Structure formats: structure tokens, C-alpha cells
file run_36.cif (mmCIF, C-alpha atoms)
data_structure
#
loop_
_atom_site.label_atom_id
_atom_site.label_comp_id
_atom_site.auth_asym_id
_atom_site.auth_seq_id
_atom_site.Cartn_x
_atom_site.Cartn_y
_atom_site.Cartn_z
CA MET A 1 29.90 -7.88 -1.95
CA ASN A 2 28.10 -6.35 -4.95
CA ILE A 3 25.24 -8.83 -4.46
CA LEU A 4 24.85 -7.87 -0.78
CA LEU A 5 25.05 -4.16 -1.61
CA THR A 6 22.45 -4.57 -4.37
CA LEU A 7 20.07 -6.37 -2.00
CA ILE A 8 20.48 -3.73 0.72
CA LEU A 9 19.97 -0.80 -1.65
CA ALA A 10 17.01 -2.53 -3.29
CA GLY A 11 15.50 -3.11 0.16
CA LEU A 12 15.92 0.56 1.01
CA THR A 13 14.31 1.52 -2.28
CA MET A 14 11.35 -0.74 -1.39
CA VAL A 15 10.51 1.27 1.74
CA GLY A 16 8.68 4.01 -0.16
CA PRO A 17 6.68 1.82 -2.58
CA LEU A 18 5.62 -0.55 0.20
CA ALA A 19 4.01 2.36 2.02
CA ILE A 20 2.14 3.23 -1.19
CA ASP A 21 0.98 -0.15 -2.45
CA THR A 22 0.40 -2.34 0.61
CA TYR A 23 -2.57 -0.39 1.97
CA LEU A 24 -4.36 0.21 -1.35
CA PRO A 25 -6.76 -2.76 -0.85
CA SER A 26 -7.76 -1.18 2.48
CA PHE A 27 -9.19 2.04 1.04
CA PRO A 28 -12.83 0.91 1.46
CA ALA A 29 -12.17 -0.37 4.99
CA ILE A 30 -10.43 2.87 6.05
CA ALA A 31 -13.30 4.91 4.62
CA GLN A 32 -15.78 2.82 6.61
CA ALA A 33 -13.71 2.92 9.82
CA PHE A 34 -13.55 6.73 9.88
CA ASN A 35 -16.79 7.45 7.99
CA ALA A 36 -14.75 9.18 5.27
CA SER A 37 -15.45 9.55 1.56
CA PRO A 38 -13.32 7.69 -1.03
CA LEU A 39 -11.92 11.05 -2.19
CA LEU A 40 -10.85 11.88 1.36
CA VAL A 41 -9.16 8.51 1.79
CA GLN A 42 -7.36 9.16 -1.51
CA GLN A 43 -5.72 12.14 0.21
CA THR A 44 -3.81 9.78 2.51
CA LEU A 45 -2.01 8.68 -0.65
CA SER A 46 -1.63 12.18 -2.07
CA ALA A 47 -0.31 13.63 1.20
CA TYR A 48 2.22 10.82 1.45
CA LEU A 49 3.40 11.30 -2.14
CA PHE A 50 3.75 15.09 -1.93
CA THR A 51 5.76 14.96 1.31
CA PHE A 52 7.77 12.04 -0.09
CA ALA A 53 8.67 14.17 -3.11
CA PHE A 54 9.37 17.31 -1.04
CA MET A 55 11.83 15.64 1.32
CA MET A 56 13.71 14.09 -1.58
CA LEU A 57 15.02 17.60 -2.26
CA PHE A 58 17.11 17.45 0.89
CA TYR A 59 18.24 13.87 1.51
CA GLY A 60 20.95 13.96 -1.14
CA THR A 61 22.55 17.17 -0.03
CA LEU A 62 22.29 16.11 3.64
CA SER A 63 24.14 12.90 2.77
CA ASP A 64 26.77 14.93 0.88
CA SER A 65 27.46 16.79 4.14
CA PHE A 66 26.91 14.22 6.90
CA GLY A 67 27.54 10.90 5.13
CA ARG A 68 25.25 8.30 3.63
CA ARG A 69 24.71 6.00 6.65
CA PRO A 70 23.57 8.58 9.24
CA VAL A 71 20.92 10.01 6.91
CA ILE A 72 19.52 6.57 6.06
CA LEU A 73 19.43 5.42 9.69
CA ALA A 74 17.75 8.62 10.94
CA SER A 75 15.08 8.45 8.24
CA LEU A 76 14.34 4.78 8.99
CA PHE A 77 13.87 5.59 12.69
CA VAL A 78 11.25 8.26 11.84
CA TYR A 79 9.58 5.92 9.32
CA ILE A 80 9.20 3.18 11.95
CA ALA A 81 7.65 5.63 14.45
CA ALA A 82 5.23 6.96 11.82
CA SER A 83 4.17 3.44 10.79
CA LEU A 84 3.45 2.48 14.40
CA GLY A 85 1.48 5.69 14.81
CA ALA A 86 -0.63 4.93 11.74
CA ALA A 87 -1.31 1.40 13.00
CA SER A 88 -2.81 2.81 16.21
CA ALA A 89 -4.49 5.90 14.69
CA PRO A 90 -7.61 6.85 16.73
CA SER A 91 -8.94 9.24 14.06
CA PHE A 92 -8.63 10.01 10.37
CA GLY A 93 -6.68 13.19 11.13
CA TRP A 94 -4.15 11.16 13.12
CA LEU A 95 -3.78 8.69 10.25
CA LEU A 96 -3.28 11.53 7.77
CA ALA A 97 -0.61 13.11 9.98
CA CYS A 98 1.24 9.79 10.27
CA ARG A 99 1.08 9.37 6.49
CA VAL A 100 2.67 12.81 6.11
CA LEU A 101 5.45 11.78 8.51
CA GLN A 102 5.89 8.49 6.64
CA GLY A 103 6.25 10.41 3.39
CA LEU A 104 8.88 12.71 4.86
CA ALA A 105 10.94 9.72 6.01
CA ALA A 106 10.48 7.12 3.27
CA GLY A 107 12.54 8.60 0.43
CA ALA A 108 16.04 8.56 1.88
CA GLY A 109 16.85 5.02 0.77
CA SER A 110 16.13 5.56 -2.91
CA VAL A 111 17.88 8.96 -3.09
CA VAL A 112 20.96 8.09 -1.07
CA GLY A 113 21.10 4.65 -2.67
CA ARG A 114 21.69 6.20 -6.09
CA ALA A 115 24.44 8.36 -4.63
CA ILE A 116 26.07 5.25 -3.08
CA VAL A 117 26.09 3.56 -6.49
CA GLN A 118 27.74 6.64 -7.99
CA ASP A 119 30.27 6.69 -5.11
CA ARG A 120 31.39 3.14 -5.80
CA PHE A 121 30.86 2.54 -9.53
CA SER A 122 30.89 4.34 -12.86
CA GLY A 123 29.88 3.83 -16.48
CA ALA A 124 28.41 0.52 -17.56
CA GLU A 125 29.07 -1.05 -14.15
CA ALA A 126 26.96 1.61 -12.41
CA GLN A 127 24.21 1.11 -15.01
CA LYS A 128 24.31 -2.64 -14.37
CA ILE A 129 24.05 -2.18 -10.59
CA LEU A 130 21.12 0.23 -10.98
CA SER A 131 19.37 -2.27 -13.25
CA HIS A 132 19.85 -5.05 -10.68
CA ILE A 133 18.52 -2.79 -7.91
CA MET A 134 15.41 -2.08 -10.01
CA MET A 135 14.98 -5.79 -10.65
CA VAL A 136 15.01 -6.70 -6.94
CA PHE A 137 13.07 -3.59 -5.95
CA GLY A 138 10.34 -4.65 -8.37
CA LEU A 139 9.28 -7.35 -5.93
CA ALA A 140 7.83 -4.72 -3.58
CA PRO A 141 5.00 -3.32 -5.70
CA ALA A 142 4.23 -6.81 -7.04
CA ILE A 143 3.93 -8.44 -3.62
CA ALA A 144 2.70 -5.44 -1.59
CA PRO A 145 -0.94 -5.11 -2.76
CA VAL A 146 -1.42 -8.89 -2.75
CA LEU A 147 -0.02 -9.12 0.78
CA GLY A 148 -2.05 -6.07 1.77
CA GLY A 149 -5.24 -7.67 0.47
CA TRP A 150 -4.70 -10.81 2.53
CA LEU A 151 -3.74 -8.81 5.64
CA GLN A 152 -6.87 -6.71 5.18
CA VAL A 153 -9.10 -9.76 4.94
CA ALA A 154 -7.41 -11.66 7.81
CA LEU A 155 -6.42 -8.95 10.30
CA GLY A 156 -7.78 -5.60 9.16
CA TRP A 157 -6.15 -2.45 7.80
CA ARG A 158 -4.15 -1.64 10.96
CA SER A 159 -2.08 -4.80 10.51
CA ILE A 160 -0.75 -3.39 7.24
CA PHE A 161 0.91 -0.47 9.00
CA GLY A 162 2.27 -2.91 11.58
CA PHE A 163 3.88 -4.82 8.71
CA LEU A 164 5.42 -1.58 7.38
CA ALA A 165 6.90 -0.87 10.82
CA ALA A 166 8.37 -4.39 10.95
CA PHE A 167 9.97 -3.95 7.52
CA GLY A 168 11.45 -0.63 8.64
CA ILE A 169 12.95 -2.28 11.73
CA LEU A 170 14.46 -5.02 9.56
CA MET A 171 16.08 -2.50 7.19
CA PHE A 172 17.40 -0.44 10.11
CA ALA A 173 19.14 -3.52 11.51
CA VAL A 174 20.55 -4.55 8.11
CA VAL A 175 21.90 -1.07 7.33
CA TYR A 176 23.41 -0.70 10.80
CA ARG A 177 25.19 -4.05 10.52
CA PHE A 178 26.10 -4.46 6.86
CA LEU A 179 26.10 -1.15 4.93
CA PRO A 180 29.48 0.64 5.13
CA GLU A 181 29.88 4.37 4.61
CA SER A 182 30.74 5.14 0.98
CA LEU A 183 31.53 8.85 1.25
CA PRO A 184 34.85 9.58 3.02
CA VAL A 185 34.93 12.54 5.39
CA ALA A 186 37.47 14.29 3.15
CA GLU A 187 35.00 14.29 0.23
CA ARG A 188 32.04 15.70 2.16
CA HIS A 189 30.79 19.23 1.59
CA PRO A 190 30.40 21.70 4.47
CA PHE A 191 26.79 22.19 5.53
CA CYS A 192 26.61 25.83 4.48
CA LEU A 193 23.17 27.11 3.47
CA GLY A 194 24.60 29.66 1.04
CA THR A 195 26.72 27.07 -0.74
CA ILE A 196 23.87 24.55 -0.79
CA ALA A 197 21.50 27.15 -2.26
CA ALA A 198 24.07 27.98 -4.96
CA ASN A 199 24.43 24.28 -5.80
CA TYR A 200 20.67 23.86 -6.08
CA LYS A 201 20.56 26.90 -8.34
CA SER A 202 23.20 25.41 -10.64
CA VAL A 203 21.20 22.19 -10.92
CA LEU A 204 17.93 24.02 -11.58
CA ARG A 205 19.59 26.03 -14.37
CA HIS A 206 20.91 22.93 -16.15
CA ARG A 207 18.53 22.46 -19.06
CA GLN A 208 19.53 18.93 -20.10
CA PHE A 209 19.35 17.61 -16.54
CA LEU A 210 15.89 19.05 -15.92
CA LEU A 211 14.50 17.84 -19.25
CA LEU A 212 15.85 14.32 -18.77
CA SER A 213 14.51 14.20 -15.21
CA MET A 214 11.09 15.31 -16.45
CA ALA A 215 11.25 12.71 -19.25
CA ILE A 216 11.88 9.97 -16.68
CA GLY A 217 9.06 11.25 -14.46
CA MET A 218 6.54 11.41 -17.30
CA THR A 219 7.29 7.88 -18.52
CA PHE A 220 6.79 6.72 -14.94
CA GLY A 221 3.46 8.56 -15.07
CA GLY A 222 1.90 5.42 -16.56
CA PHE A 223 2.67 3.65 -13.29
CA ALA A 224 1.37 6.62 -11.33
CA LEU A 225 -1.99 6.55 -13.12
CA TYR A 226 -2.62 2.88 -12.42
CA ILE A 227 -1.28 2.98 -8.86
CA GLY A 228 -3.42 6.02 -8.03
CA SER A 229 -6.40 4.28 -9.64
CA ALA A 230 -5.62 0.77 -8.34
CA ALA A 231 -8.50 0.38 -5.89
CA TYR A 232 -11.13 1.64 -8.36
CA PHE A 233 -9.57 -0.13 -11.35
CA VAL A 234 -9.39 -3.55 -9.71
CA ILE A 235 -12.67 -3.47 -7.77
CA ASN A 236 -14.96 -1.38 -9.99
CA ILE A 237 -13.60 -1.76 -13.54
CA LEU A 238 -12.22 -5.31 -13.46
CA HIS A 239 -14.83 -6.36 -10.84
CA LEU A 240 -12.33 -8.30 -8.72
CA ARG A 241 -11.99 -8.73 -4.94
CA GLU A 242 -9.58 -7.04 -2.50
CA THR A 243 -7.33 -10.11 -2.66
CA ALA A 244 -7.00 -9.90 -6.48
CA PHE A 245 -4.74 -6.83 -6.79
CA GLY A 246 -2.07 -9.14 -8.19
CA TRP A 247 -3.90 -9.03 -11.53
CA LEU A 248 -2.78 -5.41 -11.86
CA PHE A 249 0.53 -5.31 -10.03
CA ILE A 250 2.13 -8.61 -11.06
CA PRO A 251 2.11 -7.76 -14.81
CA LEU A 252 3.34 -4.24 -14.06
CA ILE A 253 6.19 -5.35 -11.85
CA SER A 254 7.17 -8.58 -13.60
CA GLY A 255 7.62 -6.52 -16.77
CA MET A 256 9.88 -4.15 -14.87
CA MET A 257 11.90 -6.98 -13.32
CA ILE A 258 12.45 -8.77 -16.64
CA GLY A 259 13.29 -5.50 -18.37
CA SER A 260 15.74 -4.57 -15.60
CA ALA A 261 17.47 -7.95 -15.88
CA LEU A 262 17.93 -7.47 -19.62
CA ALA A 263 19.05 -3.86 -19.15
CA GLY A 264 21.79 -5.07 -16.81
CA LYS A 265 23.02 -7.57 -19.41
CA PHE A 266 22.85 -5.01 -22.22
CA ALA A 267 24.75 -2.32 -20.27
CA HIS A 268 28.15 -3.40 -21.64
CA ARG A 269 26.89 -4.27 -25.14
CA TYR A 270 24.81 -1.33 -26.33
CA ALA A 271 25.13 2.44 -26.20
CA GLN A 272 22.89 4.23 -23.72
CA THR A 273 21.08 6.13 -26.47
CA ARG A 274 20.24 2.91 -28.28
CA LEU A 275 18.72 1.36 -25.16
CA ILE A 276 16.68 4.51 -24.60
CA GLY A 277 15.40 4.40 -28.20
CA ILE A 278 14.39 0.75 -27.86
CA GLY A 279 12.59 1.54 -24.62
CA TYR A 280 10.58 4.38 -26.12
CA ALA A 281 9.63 2.32 -29.19
CA LEU A 282 8.28 -0.51 -27.04
CA MET A 283 6.48 1.86 -24.66
CA SER A 284 4.77 3.48 -27.65
CA LEU A 285 3.68 0.07 -28.92
CA ALA A 286 2.27 -0.80 -25.48
CA ALA A 287 0.40 2.51 -25.19
CA VAL A 288 -1.20 2.10 -28.63
CA ALA A 289 -2.22 -1.50 -27.83
CA ASN A 290 -3.74 -0.37 -24.53
CA ILE A 291 -5.89 2.26 -26.26
CA ALA A 292 -6.94 -0.12 -29.05
CA TYR A 293 -8.02 -2.86 -26.64
CA ASN A 294 -10.02 -0.59 -24.33
CA ALA A 295 -11.66 1.19 -27.27
CA CYS A 296 -12.95 -2.12 -28.65
CA PHE A 297 -13.63 -4.29 -25.59
CA VAL A 298 -14.85 -4.12 -22.01
CA ALA A 299 -11.82 -4.33 -19.72
CA ALA A 300 -11.22 -7.85 -18.39
CA VAL A 301 -8.25 -9.90 -17.24
CA PRO A 302 -5.82 -10.89 -18.59
CA TRP A 303 -6.14 -8.75 -21.75
CA ALA A 304 -6.58 -5.44 -19.94
CA VAL A 305 -3.21 -5.80 -18.18
CA LEU A 306 -1.02 -7.31 -20.90
CA PRO A 307 -0.14 -3.90 -22.44
CA LEU A 308 0.92 -2.78 -18.95
CA PHE A 309 3.42 -5.64 -18.83
CA LEU A 310 5.01 -4.50 -22.10
CA TYR A 311 5.02 -0.85 -20.98
CA SER A 312 6.81 -1.59 -17.71
CA PHE A 313 9.26 -3.92 -19.49
CA ALA A 314 10.21 -1.13 -21.89
CA LEU A 315 10.37 1.45 -19.10
CA ALA A 316 12.88 -0.69 -17.20
CA ILE A 317 15.15 -0.82 -20.26
CA ALA A 318 15.14 2.95 -20.75
CA MET A 319 15.30 4.21 -17.15
CA PRO A 320 18.84 3.19 -16.01
CA PRO A 321 20.70 4.84 -18.92
CA MET A 322 18.47 7.94 -18.73
CA THR A 323 19.11 8.19 -14.98
CA LEU A 324 22.88 7.92 -15.36
CA ILE A 325 23.06 10.40 -18.24
CA ALA A 326 21.23 12.93 -16.07
CA LEU A 327 23.28 12.31 -12.90
CA ASN A 328 26.61 12.39 -14.72
CA HIS A 329 26.13 16.11 -15.33
CA PHE A 330 27.05 16.64 -11.64
CA PRO A 331 29.88 14.24 -10.67
CA LYS A 332 30.90 16.35 -7.63
CA HIS A 333 27.38 16.64 -6.23
CA ARG A 334 25.93 13.17 -6.73
CA GLY A 335 23.68 13.30 -3.69
CA LEU A 336 22.21 16.68 -4.58
CA ALA A 337 21.64 15.67 -8.22
CA SER A 338 20.02 12.42 -7.09
CA SER A 339 17.79 14.41 -4.73
CA MET A 340 16.66 16.78 -7.44
CA GLN A 341 16.02 14.00 -9.94
CA SER A 342 14.05 12.00 -7.37
CA PHE A 343 12.09 15.10 -6.36
CA ILE A 344 11.06 15.85 -9.94
CA GLN A 345 10.11 12.22 -10.56
CA MET A 346 8.10 11.87 -7.36
CA LEU A 347 6.44 15.29 -7.70
CA LEU A 348 5.15 14.25 -11.12
CA PHE A 349 4.15 10.87 -9.65
CA ALA A 350 2.23 12.61 -6.87
CA LEU A 351 0.50 15.05 -9.21
CA ILE A 352 -0.54 12.31 -11.63
CA SER A 353 -1.68 9.76 -9.04
CA GLY A 354 -3.26 12.30 -6.68
CA LEU A 355 -4.84 14.80 -9.09
CA VAL A 356 -5.02 13.28 -12.57
CA ALA A 357 -5.92 9.68 -11.65
CA PRO A 358 -9.21 10.64 -9.88
CA LEU A 359 -10.29 12.37 -13.10
CA LEU A 360 -9.65 9.26 -15.20
CA PHE A 361 -10.10 6.19 -13.01
CA ASP A 362 -13.79 5.71 -13.86
CA SER A 363 -12.83 4.48 -17.35
CA ALA A 364 -10.17 2.03 -18.58
CA LEU A 365 -10.06 3.89 -21.90
CA LYS A 366 -9.43 7.23 -20.18
CA LEU A 367 -6.53 5.66 -18.27
CA ALA A 368 -5.08 4.32 -21.53
CA TYR A 369 -5.25 7.78 -23.09
CA GLY A 370 -3.58 9.18 -19.98
CA VAL A 371 -0.64 6.81 -20.37
CA MET A 372 -0.21 7.85 -24.00
CA ALA A 373 -0.33 11.55 -23.07
CA GLY A 374 2.37 11.09 -20.44
CA LEU A 375 4.57 9.11 -22.83
CA THR A 376 4.20 11.79 -25.52
CA LEU A 377 5.25 14.53 -23.11
CA SER A 378 8.18 12.39 -21.98
CA LEU A 379 9.40 11.88 -25.53
CA ILE A 380 9.18 15.62 -26.21
CA CYS A 381 11.31 16.34 -23.12
CA ALA A 382 13.88 13.70 -24.11
CA LEU A 383 14.18 15.08 -27.65
CA LEU A 384 14.48 18.65 -26.37
CA SER A 385 17.29 17.58 -24.02
CA GLN A 386 19.20 16.12 -26.96
CA SER A 387 18.64 19.18 -29.15
CA GLY A 388 19.89 21.41 -26.35
CA LYS A 389 22.95 19.23 -25.96
CA ARG A 390 23.73 19.46 -29.67
CA ALA A 391 23.31 23.23 -29.56
CA VAL A 392 25.81 23.52 -26.70
CA ALA A 393 28.26 21.27 -28.50
CA ALA A 394 27.98 23.32 -31.70
CA ALA A 395 28.60 26.53 -29.78
#
call {"tool": "encode", "arguments": {"input": "run_36.cif", "output": "C-alpha cells"}}
result
Amino acid sequence: MNILLTLILAGLTMVGPLAIDTYLPSFPAIAQAFNASPLLVQQTLSAYLFTFAFMMLFYGTLSDSFGRRPVILASLFVYIAASLGAASAPSFGWLLACRVLQGLAAGAGSVVGRAIVQDRFSGAEAQKILSHIMMVFGLAPAIAPVLGGWLQVALGWRSIFGFLAAFGILMFAVVYRFLPESLPVAERHPFCLGTIAANYKSVLRHRQFLLLSMAIGMTFGGFALYIGSAAYFVINILHLRETAFGWLFIPLISGMMIGSALAGKFAHRYAQTRLIGIGYALMSLAAVANIAYNACFVAAVPWAVLPLFLYSFALAIAMPPMTLIALNHFPKHRGLASSMQSFIQMLLFALISGLVAPLLFDSALKLAYGVMAGLTLSLICALLSQSGKRAVAAA
């Protein structure tokens, strides 16, 4: 049963990344189809990411009140409709509006999925399940741009949104048939706006939770930089074709999958703080290697992407224990805490990929420096969260 649950939750977590990565090879074609500039086409990604992050604020608390299944099913229905709308978009404005609607609907699976894991498991077992979900979920960003490139070449950019609609329909059917409700009616919270606002306030005032959530988001900023820069990085810096996005995404995601597999095995053997320390050490090594290579050589495969493999490997080791440490501060409001954590992570992802990446994506060395800057900020947040914790304990 744990295997089936892991596959379902991983599939739900894939919904959002698929809508990000699959259409990246189509940026030039979309620009040509609507006579739009590359910067304007970039806004279809930014708009999606900002609305994706915004709606994550609410999915957790909605699932705390109405149950996990109804929220997931309703969001998938909207996601399917938005994907079909994007596939038939008659204008750029229509496409942008459908991307906004996709963003509003795509985040429920990842937010509510974390709450479901917390409903059913605890401690090292929950950490192991989260690691396995990350491992399976990692297939999406690895396969998506490669599949998108081939769909673009064979059938055009509209077929990509048709594929996203088909995946949404598949997940709707699987959830409806196989995913049981994990939150009993007796444990649900009344949908009272005053109470919900007070709960959000308590989360926002929790220093350790916010700092850890920001630390997770900033480490993931390395992904955000390269995903936001993917089209320019692959086509203009590496000088590869639309069907060659695998050179960027396969190292990124295979590192995450291998790291997640090891993190699951290590969950019962090593303390969470030790795994986090190992992750940061390896991410630092990867960031330094990335800068050194791009400072000395012209970016070319495979050398330009090998540091990204190590970075994502280390990130996958550190993320599950950091996520659980943050969520465990709110055992009675798992959905709300998961929402807030996801919102912070995705807001940072959207800001970095939508605003920072366009400033850096003309240079591989600038991107490498960007990764190091994000990692440094993440480490500062993580250390501050620990110092705050020690101060509270001493008091």
C-alpha cells in the first residue's frame, strides 16, 4: 500500500513541474506564433509560477477543513480545463490567462500530498516516504523537456498542452479510484475565516519555521535559475537543438533521484542534522566547481552540467529532513504549515526564475555565481534558525 500511495503522491507532485518544464522547448515557437518577444513569452512562465505560489497558501488549510480528496479532485478538474484552453489558445492573451489558471490549480497535489504523509506517518518513516516521493517525482522534470522537444518538433507547441491535459485526466481517475481520505471528519477544522487568519498569523510569527522554509527555497533557487534560463542556456549557451534539453535536465534530475534514494535509506541511520550538514557541504562543493569551470572554460557538455548533478544530489539529501523539521512545528495544522512552506518555496522559485534568471541567463558564469549566492543565503537562514532554537531552549 505504501508503494501505491508513494506513486500516487509522486504523480500529483509531478503535475506542477510538468506544466513548467514540458513547454520550455517551445518558447521560440510560441514567440513566432503570436509575434511576441522572448521576454513576453517568459511571462507565461512567471505568471504561472506566481499564481502557483499564491494558491499554495490556501490548499493546505482548505484540505484541513474539507478533507484531502475533495481539494485534490477539484484542483485537477480546473487544471484539465486550463490545459485544454491553452492548447486551443487563439491569442497570446488567452494563453497567458490559461497559464494563470493552470498555476492556480497545479499546486494542490504537492501541498496536500505532504499533509497526507504527515497524516499517515511520523519520524523516520515519514522522511523515508518523502524521499521516495521525491525520487519518483524526479522523473517529471527529467522527461518533460525532452518529451516537450520531440512534441514540438513533431506536432507543434499546442500538442504539449494537450499532453498536460491528458496527464491531468489520468491523475484525476487514479485519485478518484485509489486514493483514500486520510483526514477523518472528526479531526477537521471548521472553515472559519477568523480562526484561519489566527492560524496563519501563528505560522508567520514562528521564526524557526520561516527561516527553515526560506533556507529550503533558497537552496532550490539553483534549480530555479537553470529552469528559468533553460531555453537560453541550452540553445544559445550550449548551442544545442530543441530536442537536446535532456543535457540540462537529466543531470539535474538524476542527481535528485539518486540523492532521494539514498536519503530514504539513511533516514533510520543518521540524525536529521547530520544529513542536512552533508547536503550543504556537497552543495557548496558543487557550487565552487561550477564557478571554477565556467571561469576557465567555454560552457560545453558534459562538463558544464556535471556540477549541477552533484548540486541536485546534495539538495535531495538535505531537503526531506529540513522539510520535516519545519512541518513538525505545527502537528495540529499540517495542511496549513505545508501550504505556507510550499508558498515560500514557490514564491522564491518564481522570483528567481522570473526576475533573476533573465538578468543572468546570457552567461554561464553569471548563472554559476547566482547558484552560489542562493546557497549562501540559504546557509545563513539555516544557521539563524538553529541559533534561534538554541536561544529559546536556553530561555
call {"tool": "atom_distance", "arguments": {"input": "run_36.cif", "atom1": "atom CA of A:Ala316", "atom2": "atom CA of A:Phe266"}}
result
12.0 Å
call {"tool": "resolve_selection", "arguments": {"input": "run_36.cif", "expression": "the PyMOL selection byres ((chain A and resi 162) around 10)", "output": "PyMOL selection string"}}
result
chain A and resi 80+83-88+157-161+163-168
call {"tool": "resolve_selection", "arguments": {"input": "run_36.cif", "expression": "the PyMOL selection byres ((chain A and resi 144-150) around 12)", "output": "VMD selection string"}}
result
chain A and resid 14 to 29 137 to 143 151 to 164 167 227 230 to 231 234 to 235 240 to 250 253
call {"tool": "resolve_selection", "arguments": {"input": "run_36.cif", "expression": "the PyMOL selection byres ((chain A and resi 298-310) around 6)", "output": "list in words"}}
result
Leu238, Pro251, Leu252, Gly255, Ala286, Asn290, Phe297, Tyr311, Ser312 and Phe313 of chain A
call {"tool": "atom_distance", "arguments": {"input": "run_36.cif", "atom1": "atom CA of A:Ser353", "atom2": "atom CA of A:Tyr226"}}
result
7.7 Å
call {"tool": "closest_atom_pairs", "arguments": {"input": "run_36.cif", "of": "stretch 84-145 of chain A", "to": "stretch 320-326 of chain A", "cutoff": "7 Å", "atoms": "only C-alpha atoms", "output": "JSON lines"}}
result
{"residue": "A:Gln127", "atom": "CA", "partner": "A:Pro320", "partner_atom": "CA", "distance": 5.8}
{"residue": "A:Leu130", "atom": "CA", "partner": "A:Pro320", "partner_atom": "CA", "distance": 6.3}
{"residue": "A:Ser131", "atom": "CA", "partner": "A:Pro320", "partner_atom": "CA", "distance": 6.1}
call {"tool": "closest_residue", "arguments": {"input": "run_36.cif", "among": "A:Val371, A:Ala124, A:Leu4, A:Ala10", "to": "A:Ala271", "atoms": "only C-alpha atoms"}}
result
A:Ala124
call {"tool": "closest_residue", "arguments": {"input": "run_36.cif", "among": "A:Val203, A:Ile30, A:Ala97, A:Ile278", "to": "A:Thr51", "atoms": "only C-alpha atoms"}}
result
A:Ala97
call {"tool": "residues_around", "arguments": {"input": "run_36.cif", "residues": "stretch 356-365 of chain A", "least_positions_apart": "2", "cutoff": "6 Å", "atoms": "only C-alpha atoms", "output": "compact mmCIF listing (two decimals) with C-alpha atoms, in the coordinates of the input"}}
result
# COMPACT_ATOMS: atom_id res chain seq x y z
CA LEU A 225 -1.99 6.55 -13.12
CA GLY A 228 -3.42 6.02 -8.03
CA SER A 229 -6.40 4.28 -9.64
CA ASN A 294 -10.02 -0.59 -24.33
CA ILE A 352 -0.54 12.31 -11.63
CA SER A 353 -1.68 9.76 -9.04
CA LEU A 367 -6.53 5.66 -18.27
CA ALA A 368 -5.08 4.32 -21.53
call {"tool": "closest_residue", "arguments": {"input": "run_36.cif", "among": "A:Pro180, A:Ala106, A:Ala314, A:Asn2", "to": "A:Leu285", "atoms": "only C-alpha atoms"}}
result
A:Ala314
call {"tool": "closest_residue", "arguments": {"input": "run_36.cif", "among": "A:Ser254, A:Thr195, A:Thr376, A:Ser339", "to": "A:Ser63", "atoms": "all atoms listed in the file"}}
result
A:Ser339
call {"tool": "residues_around", "arguments": {"input": "run_36.cif", "residues": "A:Val185", "least_positions_apart": "4", "cutoff": "9 Å", "atoms": "only C-alpha atoms", "output": "short mmCIF file (atom, residue, chain, number, x, y, z; two decimals) with C-alpha atoms, keeping the file's coordinate frame"}}
result
data_model
loop_
_atom_site.label_atom_id
_atom_site.label_comp_id
_atom_site.auth_asym_id
_atom_site.auth_seq_id
_atom_site.Cartn_x
_atom_site.Cartn_y
_atom_site.Cartn_z
CA SER A 65 27.46 16.79 4.14
CA PHE A 66 26.91 14.22 6.90
CA GLY A 67 27.54 10.90 5.13
CA HIS A 189 30.79 19.23 1.59
#
call {"tool": "atom_distance", "arguments": {"input": "run_36.cif", "atom1": "atom CA of A:Ile258", "atom2": "atom CA of A:Glu125"}}
result
18.5 Å
call {"tool": "residues_near_point", "arguments": {"input": "run_36.cif", "point": "(23.6, 15.3, -10.6)", "cutoff": "12 Å", "atoms": "only C-alpha atoms", "output": "PyMOL selection string"}}
result
chain A and resi 60-61+64+111+114-115+118+199-200+202-204+206+208-210+212-213+323-342
call {"tool": "closest_residue", "arguments": {"input": "run_36.cif", "among": "A:Gly279, A:Tyr176, A:Glu187, A:Trp94", "to": "A:Met319", "atoms": "only C-alpha atoms"}}
result
A:Gly279
call {"tool": "closest_residue", "arguments": {"input": "run_36.cif", "among": "A:Val175, A:Leu347, A:Ala186, A:Leu375", "to": "A:Phe52", "atoms": "all atoms listed in the file"}}
result
A:Leu347
call {"tool": "residues_around", "arguments": {"input": "run_36.cif", "residues": "A:Leu45", "least_positions_apart": "2", "cutoff": "8 Å", "atoms": "only C-alpha atoms", "output": "PDB file with C-alpha atoms, in the frame of the given file"}}
result
ATOM      1  CA  ILE A  20       2.140   3.230  -1.190  1.00  0.00           C
ATOM      2  CA  VAL A  41      -9.160   8.510   1.790  1.00  0.00           C
ATOM      3  CA  GLN A  42      -7.360   9.160  -1.510  1.00  0.00           C
ATOM      4  CA  GLN A  43      -5.720  12.140   0.210  1.00  0.00           C
ATOM      5  CA  ALA A  47      -0.310  13.630   1.200  1.00  0.00           C
ATOM      6  CA  TYR A  48       2.220  10.820   1.450  1.00  0.00           C
ATOM      7  CA  LEU A  49       3.400  11.300  -2.140  1.00  0.00           C
ATOM      8  CA  ARG A  99       1.080   9.370   6.490  1.00  0.00           C
ATOM      9  CA  GLY A 228      -3.420   6.020  -8.030  1.00  0.00           C
ATOM     10  CA  GLY A 354      -3.260  12.300  -6.680  1.00  0.00           C
TER      11      GLY A 354
END
